[in-house]
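target_8.pdb follows; it contains PDB, C-alpha atoms, pLDDT in the B column.
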MODEL        1
ATOM      1  CA  MET A  24     -22.355   7.485   7.655  1.00 69.00           C
ATOM      2  CA  ALA A  25     -19.859   5.737   9.966  1.00 79.00           C
ATOM      3  CA  ILE A  26     -19.365   2.009   9.485  1.00 94.00           C
ATOM      4  CA  ASP A  27     -17.630  -0.576  11.668  1.00 96.00           C
ATOM      5  CA  VAL A  28     -14.394  -1.369   9.801  1.00 96.00           C
ATOM      6  CA  ARG A  29     -14.416  -5.002  10.965  1.00 97.00           C
ATOM      7  CA  LYS A  30     -18.157  -5.596  10.756  1.00 97.00           C
ATOM      8  CA  PRO A  31     -19.518  -3.669   7.795  1.00 97.00           C
ATOM      9  CA  ASP A  32     -23.113  -4.184   6.760  1.00 96.00           C
ATOM     10  CA  ASP A  33     -23.799  -6.479   3.806  1.00 96.00           C
ATOM     11  CA  GLY A  34     -24.308  -3.613   1.351  1.00 96.00           C
ATOM     12  CA  TYR A  35     -20.985  -1.984   2.204  1.00 97.00           C
ATOM     13  CA  LEU A  36     -19.076  -5.248   1.968  1.00 96.00           C
ATOM     14  CA  SER A  37     -20.800  -6.168  -1.276  1.00 97.00           C
ATOM     15  CA  PHE A  38     -19.827  -2.804  -2.787  1.00 97.00           C
ATOM     16  CA  TRP A  39     -16.173  -3.453  -1.906  1.00 97.00           C
ATOM     17  CA  ARG A  40     -16.356  -6.855  -3.616  1.00 96.00           C
ATOM     18  CA  GLU A  41     -17.606  -5.380  -6.890  1.00 97.00           C
ATOM     19  CA  ARG A  42     -15.093  -4.483  -9.564  1.00 96.00           C
ATOM     20  CA  HIS A  43     -14.353  -0.761  -9.055  1.00 97.00           C
ATOM     21  CA  ILE A  44     -11.265   1.339  -9.479  1.00 97.00           C
ATOM     22  CA  CYS A  45     -10.423   3.224  -6.303  1.00 98.00           C
ATOM     23  CA  THR A  46      -8.451   6.327  -5.461  1.00 98.00           C
ATOM     24  CA  LEU A  47      -5.660   6.325  -2.920  1.00 98.00           C
ATOM     25  CA  THR A  48      -4.811   9.591  -1.220  1.00 98.00           C
ATOM     26  CA  THR A  49      -1.385   9.894   0.370  1.00 98.00           C
ATOM     27  CA  GLN A  50       0.448  12.960   1.577  1.00 97.00           C
ATOM     28  CA  ARG A  51       3.515  14.269  -0.230  1.00 96.00           C
ATOM     29  CA  PRO A  52       6.465  15.358   1.933  1.00 94.00           C
ATOM     30  CA  ASP A  53       5.371  18.991   1.403  1.00 95.00           C
ATOM     31  CA  GLY A  54       1.961  18.145   2.884  1.00 95.00           C
ATOM     32  CA  SER A  55      -0.041  18.345  -0.337  1.00 97.00           C
ATOM     33  CA  PRO A  56      -2.381  15.478  -1.249  1.00 98.00           C
ATOM     34  CA  HIS A  57      -1.404  12.950  -3.890  1.00 98.00           C
ATOM     35  CA  VAL A  58      -4.446  11.156  -5.335  1.00 98.00           C
ATOM     36  CA  VAL A  59      -4.068   8.270  -7.784  1.00 98.00           C
ATOM     37  CA  PRO A  60      -6.243   5.484  -9.187  1.00 98.00           C
ATOM     38  CA  VAL A  61      -5.544   2.014  -7.787  1.00 98.00           C
ATOM     39  CA  GLY A  62      -6.969  -1.455  -7.568  1.00 98.00           C
ATOM     40  CA  ALA A  63      -7.559  -2.360  -3.932  1.00 98.00           C
ATOM     41  CA  THR A  64      -9.012  -5.091  -1.779  1.00 98.00           C
ATOM     42  CA  TYR A  65     -10.768  -4.858   1.567  1.00 98.00           C
ATOM     43  CA  ASP A  66     -10.401  -7.530   4.253  1.00 98.00           C
ATOM     44  CA  PRO A  67     -12.695  -6.626   7.160  1.00 98.00           C
ATOM     45  CA  GLU A  68     -11.790  -9.753   9.145  1.00 97.00           C
ATOM     46  CA  ALA A  69      -8.164  -8.600   9.307  1.00 98.00           C
ATOM     47  CA  GLY A  70      -9.031  -4.892   9.382  1.00 98.00           C
ATOM     48  CA  LEU A  71      -6.866  -4.323   6.293  1.00 98.00           C
ATOM     49  CA  ALA A  72      -6.980  -2.913   2.797  1.00 98.00           C
ATOM     50  CA  ARG A  73      -4.307  -3.933   0.308  1.00 98.00           C
ATOM     51  CA  ILE A  74      -2.874  -2.320  -2.821  1.00 98.00           C
ATOM     52  CA  ILE A  75      -0.242  -3.939  -5.022  1.00 98.00           C
ATOM     53  CA  THR A  76       2.043  -1.533  -6.830  1.00 98.00           C
ATOM     54  CA  ASN A  77       5.550  -0.882  -8.126  1.00 98.00           C
ATOM     55  CA  LYS A  78       8.181  -0.126  -5.503  1.00 98.00           C
ATOM     56  CA  GLY A  79       9.294   2.959  -7.476  1.00 98.00           C
ATOM     57  CA  SER A  80       5.879   4.626  -7.470  1.00 98.00           C
ATOM     58  CA  ARG A  81       5.233   8.041  -5.953  1.00 98.00           C
ATOM     59  CA  LYS A  82       2.597   6.579  -3.616  1.00 98.00           C
ATOM     60  CA  VAL A  83       5.179   4.179  -2.169  1.00 98.00           C
ATOM     61  CA  ALA A  84       7.673   7.039  -1.781  1.00 98.00           C
ATOM     62  CA  ASN A  85       5.011   9.074   0.046  1.00 98.00           C
ATOM     63  CA  VAL A  86       4.217   6.212   2.427  1.00 98.00           C
ATOM     64  CA  LEU A  87       7.910   5.592   3.107  1.00 98.00           C
ATOM     65  CA  ALA A  88       8.543   9.305   3.750  1.00 97.00           C
ATOM     66  CA  ALA A  89       5.651   9.417   6.212  1.00 97.00           C
ATOM     67  CA  LEU A  90       6.900   6.251   7.924  1.00 96.00           C
ATOM     68  CA  ALA A  91      10.270   7.918   8.470  1.00 95.00           C
ATOM     69  CA  GLN A  92       8.416  10.578  10.489  1.00 95.00           C
ATOM     70  CA  ASP A  93       5.880   8.305  12.200  1.00 96.00           C
ATOM     71  CA  PRO A  94       6.460   4.539  12.499  1.00 94.00           C
ATOM     72  CA  ALA A  95       2.715   4.019  13.111  1.00 95.00           C
ATOM     73  CA  GLY A  96       2.238   4.442   9.371  1.00 96.00           C
ATOM     74  CA  ALA A  97       1.244   6.991   6.784  1.00 98.00           C
ATOM     75  CA  ARG A  98      -2.278   8.400   7.085  1.00 98.00           C
ATOM     76  CA  VAL A  99      -4.130   7.497   3.897  1.00 98.00           C
ATOM     77  CA  ALA A 100      -7.631   7.329   2.452  1.00 98.00           C
ATOM     78  CA  LEU A 101      -8.952   4.807  -0.057  1.00 98.00           C
ATOM     79  CA  CYS A 102     -12.180   5.645  -1.853  1.00 98.00           C
ATOM     80  CA  GLN A 103     -14.422   4.232  -4.553  1.00 98.00           C
ATOM     81  CA  LEU A 104     -17.668   5.449  -6.035  1.00 97.00           C
ATOM     82  CA  GLU A 105     -20.324   4.602  -8.531  1.00 97.00           C
ATOM     83  CA  GLY A 106     -23.177   7.015  -9.087  1.00 95.00           C
ATOM     84  CA  ARG A 107     -24.559   7.912  -5.676  1.00 96.00           C
ATOM     85  CA  ARG A 108     -22.844   4.992  -3.950  1.00 97.00           C
ATOM     86  CA  TRP A 109     -19.496   5.655  -2.340  1.00 97.00           C
ATOM     87  CA  ALA A 110     -17.230   4.104   0.262  1.00 97.00           C
ATOM     88  CA  THR A 111     -14.091   5.377   1.963  1.00 98.00           C
ATOM     89  CA  LEU A 112     -11.607   3.477   4.114  1.00 98.00           C
ATOM     90  CA  GLU A 113      -9.036   5.372   6.174  1.00 98.00           C
ATOM     91  CA  GLY A 114      -6.052   4.113   8.068  1.00 98.00           C
ATOM     92  CA  ARG A 115      -2.319   3.842   8.494  1.00 98.00           C
ATOM     93  CA  ALA A 116      -0.292   2.495   5.587  1.00 98.00           C
ATOM     94  CA  VAL A 117       3.001   0.638   5.515  1.00 98.00           C
ATOM     95  CA  VAL A 118       4.966  -0.891   2.652  1.00 98.00           C
ATOM     96  CA  ARG A 119       5.389  -4.661   2.802  1.00 98.00           C
ATOM     97  CA  THR A 120       7.932  -6.611   0.761  1.00 98.00           C
ATOM     98  CA  GLU A 121       7.415 -10.147   2.075  1.00 98.00           C
ATOM     99  CA  PRO A 122       6.820 -12.441  -0.933  1.00 98.00           C
ATOM    100  CA  GLU A 123       4.038 -14.413   0.789  1.00 98.00           C
ATOM    101  CA  LEU A 124       2.120 -11.230   1.649  1.00 98.00           C
ATOM    102  CA  ILE A 125       2.504  -9.902  -1.893  1.00 98.00           C
ATOM    103  CA  ALA A 126       1.349 -13.239  -3.337  1.00 98.00           C
ATOM    104  CA  ASP A 127      -1.721 -13.185  -1.088  1.00 98.00           C
ATOM    105  CA  ALA A 128      -2.504  -9.604  -2.162  1.00 98.00           C
ATOM    106  CA  VAL A 129      -2.113 -10.546  -5.844  1.00 98.00           C
ATOM    107  CA  GLU A 130      -4.523 -13.444  -5.330  1.00 98.00           C
ATOM    108  CA  ARG A 131      -7.073 -11.167  -3.652  1.00 98.00           C
ATOM    109  CA  TYR A 132      -6.677  -8.635  -6.469  1.00 98.00           C
ATOM    110  CA  ALA A 133      -7.244 -11.383  -9.061  1.00 98.00           C
ATOM    111  CA  VAL A 134     -10.499 -12.414  -7.369  1.00 97.00           C
ATOM    112  CA  ARG A 135     -11.859  -8.879  -7.161  1.00 98.00           C
ATOM    113  CA  TYR A 136     -10.739  -7.665 -10.596  1.00 98.00           C
ATOM    114  CA  GLN A 137     -11.141 -10.995 -12.406  1.00 97.00           C
ATOM    115  CA  ARG A 138      -7.640 -10.910 -13.816  1.00 96.00           C
ATOM    116  CA  THR A 139      -4.217 -11.885 -12.563  1.00 96.00           C
ATOM    117  CA  PRO A 140      -1.607  -9.137 -12.832  1.00 96.00           C
ATOM    118  CA  ALA A 141       1.511  -9.905 -14.845  1.00 96.00           C
ATOM    119  CA  PRO A 142       4.530 -10.957 -12.789  1.00 95.00           C
ATOM    120  CA  ASN A 143       6.512  -7.972 -11.538  1.00 97.00           C
ATOM    121  CA  PRO A 144       9.775  -8.392  -9.619  1.00 97.00           C
ATOM    122  CA  ASP A 145       9.434  -4.778  -8.399  1.00 98.00           C
ATOM    123  CA  ARG A 146       5.979  -5.323  -6.895  1.00 98.00           C
ATOM    124  CA  VAL A 147       5.353  -4.328  -3.289  1.00 98.00           C
ATOM    125  CA  LEU A 148       2.279  -4.191  -1.113  1.00 98.00           C
ATOM    126  CA  ILE A 149       0.803  -1.124   0.495  1.00 98.00           C
ATOM    127  CA  GLU A 150      -0.996  -2.509   3.508  1.00 98.00           C
ATOM    128  CA  ILE A 151      -3.457  -0.244   5.281  1.00 98.00           C
ATOM    129  CA  ARG A 152      -4.414  -0.965   8.891  1.00 98.00           C
ATOM    130  CA  LEU A 153      -7.945   0.438   8.851  1.00 98.00           C
ATOM    131  CA  THR A 154      -9.157   2.911  11.454  1.00 98.00           C
ATOM    132  CA  ARG A 155     -12.331   4.288   9.883  1.00 97.00           C
ATOM    133  CA  ALA A 156     -14.930   3.412   7.287  1.00 98.00           C
ATOM    134  CA  MET A 157     -17.724   5.535   5.920  1.00 97.00           C
ATOM    135  CA  GLY A 158     -19.955   5.613   2.931  1.00 96.00           C
ATOM    136  CA  ASN A 159     -23.363   5.475   1.365  1.00 95.00           C
ATOM    137  CA  THR A 160     -23.940   2.153  -0.323  1.00 94.00           C
TER     138      THR A 160
ENDMDL
END
What is this structure when it is put down as C-alpha coordinates?
Amino acid sequence: MAIDVRKPDDGYLSFWRERHICTLTTQRPDGSPHVVPVGATYDPEAGLARIITNKGSRKVANVLAALAQDPAGARVALCQLEGRRWATLEGRAVVRTEPELIADAVERYAVRYQRTPAPNPDRVLIEIRLTRAMGNT
(Lines of atoms letter the chains of each structure in order from A and count residues from 1; the text may use other names and numbers.)
(Lines give C-alpha, C1' and ligand atoms only; values in the text may rest on other atoms or scores of the structure.)
Protein backbone atom coordinates (compact mmCIF):
# COMPACT_ATOMS: atom_id res chain seq x y z
CA MET A 1 0.00 0.00 0.00
CA ALA A 2 1.41 3.41 -1.00
CA ILE A 3 1.86 5.98 1.75
CA ASP A 4 2.56 9.71 1.58
CA VAL A 5 6.21 10.04 2.67
CA ARG A 6 5.59 13.41 4.33
CA LYS A 7 2.15 12.68 5.75
CA PRO A 8 2.04 9.05 6.82
CA ASP A 9 -0.96 7.78 8.72
CA ASP A 10 -0.65 7.43 12.50
CA GLY A 11 -0.10 3.67 12.38
CA TYR A 12 2.77 3.93 9.91
CA LEU A 13 4.47 6.70 11.84
CA SER A 14 3.99 4.88 15.13
CA PHE A 15 5.61 1.75 13.67
CA TRP A 16 8.66 3.79 12.64
CA ARG A 17 8.94 5.17 16.19
CA GLU A 18 9.02 1.71 17.76
CA ARG A 19 12.37 0.09 18.42
CA HIS A 20 13.06 -2.12 15.37
CA ILE A 21 16.19 -3.06 13.52
CA CYS A 22 15.93 -2.23 9.83
CA THR A 23 17.62 -3.43 6.68
CA LEU A 24 19.30 -1.07 4.26
CA THR A 25 19.64 -2.17 0.66
CA THR A 26 22.28 -0.45 -1.45
CA GLN A 27 23.70 -1.43 -4.80
CA ARG A 28 27.28 -2.66 -5.14
CA PRO A 29 29.30 -1.29 -8.08
CA ASP A 30 28.65 -4.59 -9.92
CA GLY A 31 24.90 -4.00 -9.58
CA SER A 32 24.20 -6.70 -7.01
CA PRO A 33 22.21 -5.82 -3.88
CA HIS A 34 23.94 -5.34 -0.55
CA VAL A 35 21.54 -5.77 2.38
CA VAL A 36 22.63 -5.07 5.95
CA PRO A 37 20.97 -4.51 9.33
CA VAL A 38 20.95 -0.90 10.55
CA GLY A 39 19.37 1.37 13.08
CA ALA A 40 17.47 4.13 11.31
CA THR A 41 15.21 7.07 12.00
CA TYR A 42 12.38 8.48 9.92
CA ASP A 43 11.62 12.21 9.78
CA PRO A 44 8.48 12.72 7.68
CA GLU A 45 8.46 16.49 8.21
CA ALA A 46 11.84 16.76 6.47
CA GLY A 47 11.18 13.85 4.10
CA LEU A 48 14.34 12.12 5.36
CA ALA A 49 15.56 8.88 6.86
CA ARG A 50 18.90 8.82 8.67
CA ILE A 51 21.44 6.10 9.41
CA ILE A 52 24.60 6.65 11.43
CA THR A 53 27.50 4.40 10.53
CA ASN A 54 31.27 4.10 10.17
CA LYS A 55 32.81 5.91 7.22
CA GLY A 56 34.71 2.73 6.24
CA SER A 57 31.61 0.56 5.89
CA ARG A 58 30.63 -1.18 2.67
CA LYS A 59 27.26 0.61 2.65
CA VAL A 60 29.03 3.99 2.67
CA ALA A 61 31.35 2.83 -0.12
CA ASN A 62 28.31 1.73 -2.16
CA VAL A 63 26.58 5.09 -1.68
CA LEU A 64 29.74 6.99 -2.60
CA ALA A 65 30.28 4.85 -5.71
CA ALA A 66 26.71 5.49 -6.83
CA LEU A 67 27.10 9.22 -6.16
CA ALA A 68 30.13 9.28 -8.46
CA GLN A 69 27.80 8.07 -11.24
CA ASP A 70 24.71 10.09 -10.30
CA PRO A 71 24.96 13.20 -8.08
CA ALA A 72 21.23 12.91 -7.28
CA GLY A 73 22.15 10.15 -4.85
CA ALA A 74 22.28 6.40 -4.55
CA ARG A 75 18.96 4.57 -4.90
CA VAL A 76 18.33 2.73 -1.64
CA ALA A 77 15.58 0.98 0.30
CA LEU A 78 15.13 0.90 4.07
CA CYS A 79 12.81 -1.73 5.50
CA GLN A 80 11.62 -2.99 8.86
CA LEU A 81 9.19 -5.71 9.82
CA GLU A 82 7.57 -7.38 12.75
CA GLY A 83 5.23 -10.29 12.16
CA ARG A 84 2.76 -9.21 9.50
CA ARG A 85 3.60 -5.52 9.88
CA TRP A 86 6.17 -4.07 7.53
CA ALA A 87 7.27 -0.69 6.25
CA THR A 88 9.64 0.31 3.47
CA LEU A 89 11.09 3.73 2.68
CA GLU A 90 12.84 4.34 -0.64
CA GLY A 91 14.88 7.27 -1.79
CA ARG A 92 18.19 8.77 -2.78
CA ALA A 93 21.06 8.52 -0.31
CA VAL A 94 24.06 10.75 0.24
CA VAL A 95 26.84 10.64 2.81
CA ARG A 96 27.00 13.61 5.17
CA THR A 97 30.01 14.48 7.32
CA GLU A 98 28.88 17.74 8.93
CA PRO A 99 29.29 17.38 12.72
CA GLU A 100 25.98 19.12 13.51
CA LEU A 101 24.04 16.79 11.19
CA ILE A 102 25.74 13.73 12.67
CA ALA A 103 25.02 14.95 16.21
CA ASP A 104 21.35 15.45 15.32
CA ALA A 105 21.19 11.95 13.82
CA VAL A 106 22.83 10.46 16.93
CA GLU A 107 20.26 12.23 19.10
CA ARG A 108 17.39 10.89 16.98
CA TYR A 109 18.90 7.40 17.13
CA ALA A 110 19.16 7.64 20.93
CA VAL A 111 15.47 8.54 21.21
CA ARG A 112 14.30 5.70 18.98
CA TYR A 113 16.64 2.99 20.29
CA GLN A 114 16.76 4.19 23.90
CA ARG A 115 20.53 4.23 24.01
CA THR A 116 23.22 6.68 23.00
CA PRO A 117 25.88 5.22 20.72
CA ALA A 118 29.48 5.40 21.91
CA PRO A 119 31.50 8.29 20.50
CA ASN A 120 33.04 7.44 17.14
CA PRO A 121 35.37 9.84 15.33
CA ASP A 122 34.79 7.86 12.10
CA ARG A 123 31.00 8.23 12.23
CA VAL A 124 29.17 9.57 9.19
CA LEU A 125 25.53 9.97 8.30
CA ILE A 126 23.73 8.31 5.44
CA GLU A 127 20.90 10.69 4.70
CA ILE A 128 18.08 9.45 2.50
CA ARG A 129 15.86 11.95 0.70
CA LEU A 130 12.65 9.92 0.60
CA THR A 131 10.70 9.39 -2.61
CA ARG A 132 8.38 6.52 -1.71
CA ALA A 133 6.85 4.82 1.29
CA MET A 134 4.84 1.64 1.45
CA GLY A 135 3.84 -0.90 4.00
CA ASN A 136 1.22 -2.72 5.98
CA THR A 137 1.13 -1.49 9.54
Inset, instruction - Could you expand the PyMOL selection byres ((chain A and resi 84-88) around 9) into the explicit residues it covers here, written as a VMD selection string? - result: chain A and resid 49 to 52 57 78 to 83 89 to 93 96 to 99 116 to 118 149
Inset, instruction - Within 10 Å of Glu113 of chain A, counting all atoms listed in the file, which residues show up once you throw out same-chain ones fewer than 6 positions away? Write them as a PyMOL selection string, please. - result: chain A and resi 28+47-48+71-72+98-102+151-157
Find the residues near segment 129-138 of chain A: any atom within 7 Å, counting all atoms listed in the file, skip ones fewer than 4 places away on the same chain, and give them as a short mmCIF file (atom, residue, chain, number, x, y, z; two decimals) with C-alpha atoms, keeping the file's coordinate frame.
data_model
loop_
_atom_site.label_atom_id
_atom_site.label_comp_id
_atom_site.auth_asym_id
_atom_site.auth_seq_id
_atom_site.Cartn_x
_atom_site.Cartn_y
_atom_site.Cartn_z
CA ARG A 40 -16.36 -6.86 -3.62
CA GLU A 41 -17.61 -5.38 -6.89
CA ARG A 42 -15.09 -4.48 -9.56
CA ALA A 63 -7.56 -2.36 -3.93
CA THR A 64 -9.01 -5.09 -1.78
CA ILE A 75 -0.24 -3.94 -5.02
CA ILE A 125 2.50 -9.90 -1.89
#
Legend entry - Selected residue of minimal separation from Ile26 of chain A among A:Leu124, A:Val147, A:Leu104, A:Leu112, counting only C-alpha atoms: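 Nearest to Ile26 of chain A: A:Leu112.
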Inset, instruction - For atom CA of Arg119 of chain A and atom CA of Pro142 of chain A, quote the distance in Å rounded to one decimal. - result: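 Rounded to one decimal, the two atoms are 16.8 Å apart.
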Inset, instruction - Using the chain letters and numbering of this document, enumerate as a PyMOL selection string the residues selected by the PyMOL selection byres ((chain A and resi 60) around 7). - result: chain A and resi 44-47+59+61
Those residues with C-alpha atoms, as a PDB file, keeping the file's coordinate frame please?
ATOM      1  CA  ILE A  44     -11.265   1.339  -9.479  1.00 97.00           C
ATOM      2  CA  CYS A  45     -10.423   3.224  -6.303  1.00 98.00           C
ATOM      3  CA  THR A  46      -8.451   6.327  -5.461  1.00 98.00           C
ATOM      4  CA  LEU A  47      -5.660   6.325  -2.920  1.00 98.00           C
ATOM      5  CA  VAL A  59      -4.068   8.270  -7.784  1.00 98.00           C
ATOM      6  CA  VAL A  61      -5.544   2.014  -7.787  1.00 98.00           C
TER       7      VAL A  61
END
Inset, instruction - Could you check how far atom CA of Gly34 of chain A sits from atom CA of Gly70 of chain A, in Å to one decimal? - result: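 Separating atom CA of Gly34 of chain A from atom CA of Gly70 of chain A is a distance of 17.3 Å.
Pairwise distance (atom CA of Gln103 of chain A, atom CA of Asn77 of chain A) equals 20.9 Å.
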Legend entry - Residue with smallest distance to Ile74 of chain A - pool A:Pro122, A:Arg108, A:Asp127, A:Lys30, counting all atoms listed in the file: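 Of A:Pro122, A:Arg108, A:Asp127, A:Lys30, the one nearest Ile74 of chain A is A:Asp127, counting all atoms listed in the file.
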